[in-house]
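Chemist: Attaching a single structure in structure tokens format; questions to follow.
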Amino acid sequence: MSTDLKLGLNLGYWQRHAADATELVQAAERLGYDSVWTAEAYGSDAFTPLAWYGARTSRIRLGTSVAQISARTPAATAMTAMTLDHLTGGRLLLGIGASGPQVVEGWYGMPFGKPLARTREYVEIMRKVWRREEPVTCEGEHYPLPLRPGAGPGRDGGVTGLGKPLRLITHPLRPEIPLYLGAEGPKNVALAAEIADGWLPLFAFPEKIEQMYGPSLAGAGPGFDVAAMVMTVVTDDLRAALDGVKMMLTLYIGGMGAQNRNFHADIIGRMGYAGAAEEIQALYLAGRRDEAFNAIPDELADGISLLGPAGRIRERLQLWRDSPVSNLLVMGPRDEASLKIIRDLVLG
């Protein structure tokens, strides 16, 4: 449990209609927010907007929530992270995640199998790159370095066998860049606790975290940061705020994953809403999206969010303080006044 919460701003994906959030990020920095985070799916990348905001700020930490591992080789992500960390004076927080088979195989054209093993190997290579202790090699199944003929998944020739182990040319500003894993399944959360500096849960129901993930988090070391992404809307219209969260859940439960392999639906099921998740997905995939929306329980939308007037949010914050969450990454605020209210509620 953490009575003292850190506070970050999660911008999500860069989208054309949202354009440049520099003023919002600068306001967050002035107000004492600890971090700002960007995301990627199959549109904008996570690093370019973060570099843009990093160049226009001086203190606020810069996080990816998350960079998809299938989008880049481990060496490429390590190089990008090292460069951005250097240019921003050591402010990077590197969050990575495996995504899902629809995106990995449909967008990146990479095999999705064995995501935990791939993640472990990915992290090991990045840390070897940053430490510069020796030329980087890897005997693993997924990212063999140097690449050998016939090595790695899907290798069917074309490898010259001339690759050589290399050491990063540039000396990193920090040999250990903080690493976070975006994870939803218990095994993936356990992996985060074992090899990472923090965990980025997308949907966190504070009263249920211990029940759902207590054994998975048991291996976490001191200072392990549970940085939960939380829709936070200060408003007198609680109904409208709940409906906004329900619209988001309709998409994630219903359509962000294959019918038989939807990690978001799975996590809602583990929260105790398995029947609702199954109904929502079936309705959504049948094109009955209004009915899918109406099938989402208000208590689910409310439980994973901070919504309503300031007084109500203040009361509900105690649930988060009493949970394993140590860092609130608020999603939703789009003006300085809202950021200030949230800052005062969380940080006092």
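Just remember, in the structure tokens the first chain shown is A, the second B, etc., residues are 1-based per chain, and ligands are 1-based in the order shown.
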Env of Met247 in chain A: 7 Å cut, atoms = only C-alpha atoms, seq-sep filter 4 positions within chain, self excluded. Answer as an NGL selection string.

Modeler: :A and (243 or 251 or 293)

Chemist: Include N, CA and C atoms and write out the residues we just selected as a CSV table (one decimal), in the first residue's frame.

Modeler:
```
chain,number,residue,atom,x,y,z
A,243,ASP,N,-20.5,7.5,-18.7
A,243,ASP,CA,-20.8,7.1,-20.1
A,243,ASP,C,-19.5,7.2,-20.9
A,251,LEU,N,-15.3,-0.3,-26.6
A,251,LEU,CA,-14.3,-0.6,-27.6
A,251,LEU,C,-13.3,-1.6,-27.2
A,293,PHE,N,-22.7,-1.2,-25.2
A,293,PHE,CA,-22.5,-0.1,-24.3
A,293,PHE,C,-23.4,-0.2,-23.0
```

Chemist: Considering only alpha helix (DSSP H) as DSSP defines it on the backbone, what residues of range 162-199 of chain A qualify? List them as JSON, numbers by chain.

Modeler: {"A": [186, 187, 188, 189, 190, 191, 192, 193, 194, 195]}

Chemist: I need the residues from that last selection saved to file as a short mmCIF file (atom, residue, chain, number, x, y, z; two decimals), in the first residue's frame (with N, CA, C and O atoms), if you can.

Modeler:
```
data_model
loop_
_atom_site.label_atom_id
_atom_site.label_comp_id
_atom_site.auth_asym_id
_atom_site.auth_seq_id
_atom_site.Cartn_x
_atom_site.Cartn_y
_atom_site.Cartn_z
N PRO A 186 -1.80 -12.40 -15.13
CA PRO A 186 -1.01 -12.63 -13.90
C PRO A 186 0.44 -13.02 -14.17
O PRO A 186 1.35 -12.58 -13.46
N LYS A 187 0.69 -13.85 -15.18
CA LYS A 187 2.07 -14.26 -15.48
C LYS A 187 2.90 -13.08 -15.99
O LYS A 187 4.09 -12.95 -15.67
N ASN A 188 2.28 -12.23 -16.80
CA ASN A 188 2.99 -11.06 -17.32
C ASN A 188 3.26 -10.05 -16.21
O ASN A 188 4.31 -9.40 -16.18
N VAL A 189 2.32 -9.90 -15.28
CA VAL A 189 2.54 -9.02 -14.14
C VAL A 189 3.67 -9.57 -13.26
O VAL A 189 4.51 -8.82 -12.77
N ALA A 190 3.70 -10.88 -13.09
CA ALA A 190 4.79 -11.49 -12.32
C ALA A 190 6.13 -11.24 -13.00
O ALA A 190 7.15 -11.01 -12.34
N LEU A 191 6.15 -11.29 -14.33
CA LEU A 191 7.38 -10.99 -15.07
C LEU A 191 7.80 -9.55 -14.82
O LEU A 191 9.00 -9.28 -14.62
N ALA A 192 6.85 -8.62 -14.83
CA ALA A 192 7.17 -7.22 -14.54
C ALA A 192 7.80 -7.08 -13.16
O ALA A 192 8.80 -6.39 -12.98
N ALA A 193 7.20 -7.76 -12.18
CA ALA A 193 7.74 -7.69 -10.82
C ALA A 193 9.14 -8.26 -10.74
O ALA A 193 9.97 -7.80 -9.94
N GLU A 194 9.42 -9.25 -11.58
CA GLU A 194 10.73 -9.91 -11.54
C GLU A 194 11.81 -9.09 -12.25
O GLU A 194 12.93 -8.95 -11.73
N ILE A 195 11.53 -8.55 -13.43
CA ILE A 195 12.61 -7.99 -14.26
C ILE A 195 12.52 -6.49 -14.49
O ILE A 195 13.47 -5.91 -15.02
#
```

Chemist: I'd like the neighbourhood of Val233 in chain A as number ranges by chain, where a residue qualifies if any of its atoms comes within 7 Å (using only C-alpha atoms), though same-chain residues fewer than 3 positions away should be ignored.

Modeler: A: 241, 306-308, 332-333

Chemist: Which of these, A:Asp298, A:Glu315, A:Asp20, A:Glu133, has the shortest distance to Pro49 in chain A once you count only C-alpha atoms?

Modeler: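 That would be A:Asp20, the residue with the smallest distance to Pro49 in chain A.
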
Chemist: With only C-alpha atoms as the atoms that count, which of A:Thr57, A:Arg174, A:Leu147, A:Leu162 lies nearest to Gly90 in chain A?

Modeler: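 Ranking A:Thr57, A:Arg174, A:Leu147, A:Leu162 by distance to Gly90 in chain A, first place goes to A:Arg174.
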
Chemist: Which neighbours of range 74-81 of chain A fall inside 7 Å, counting only C-alpha atoms, when residues of the same chain fewer than 3 positions from it are skipped, and could you give them as a list in words?

Modeler: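 Listed by chain and then number, they are Leu84, Asp85, Tyr122, Ile125, Met126 and Val129 of chain A.
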
Chemist: Quick one: DSSP strand (DSSP E) residues in range 121-330 of chain A, as a PyMOL selection string?

Modeler: chain A and resi 179-182+198-200+225-234+305-308+327-330
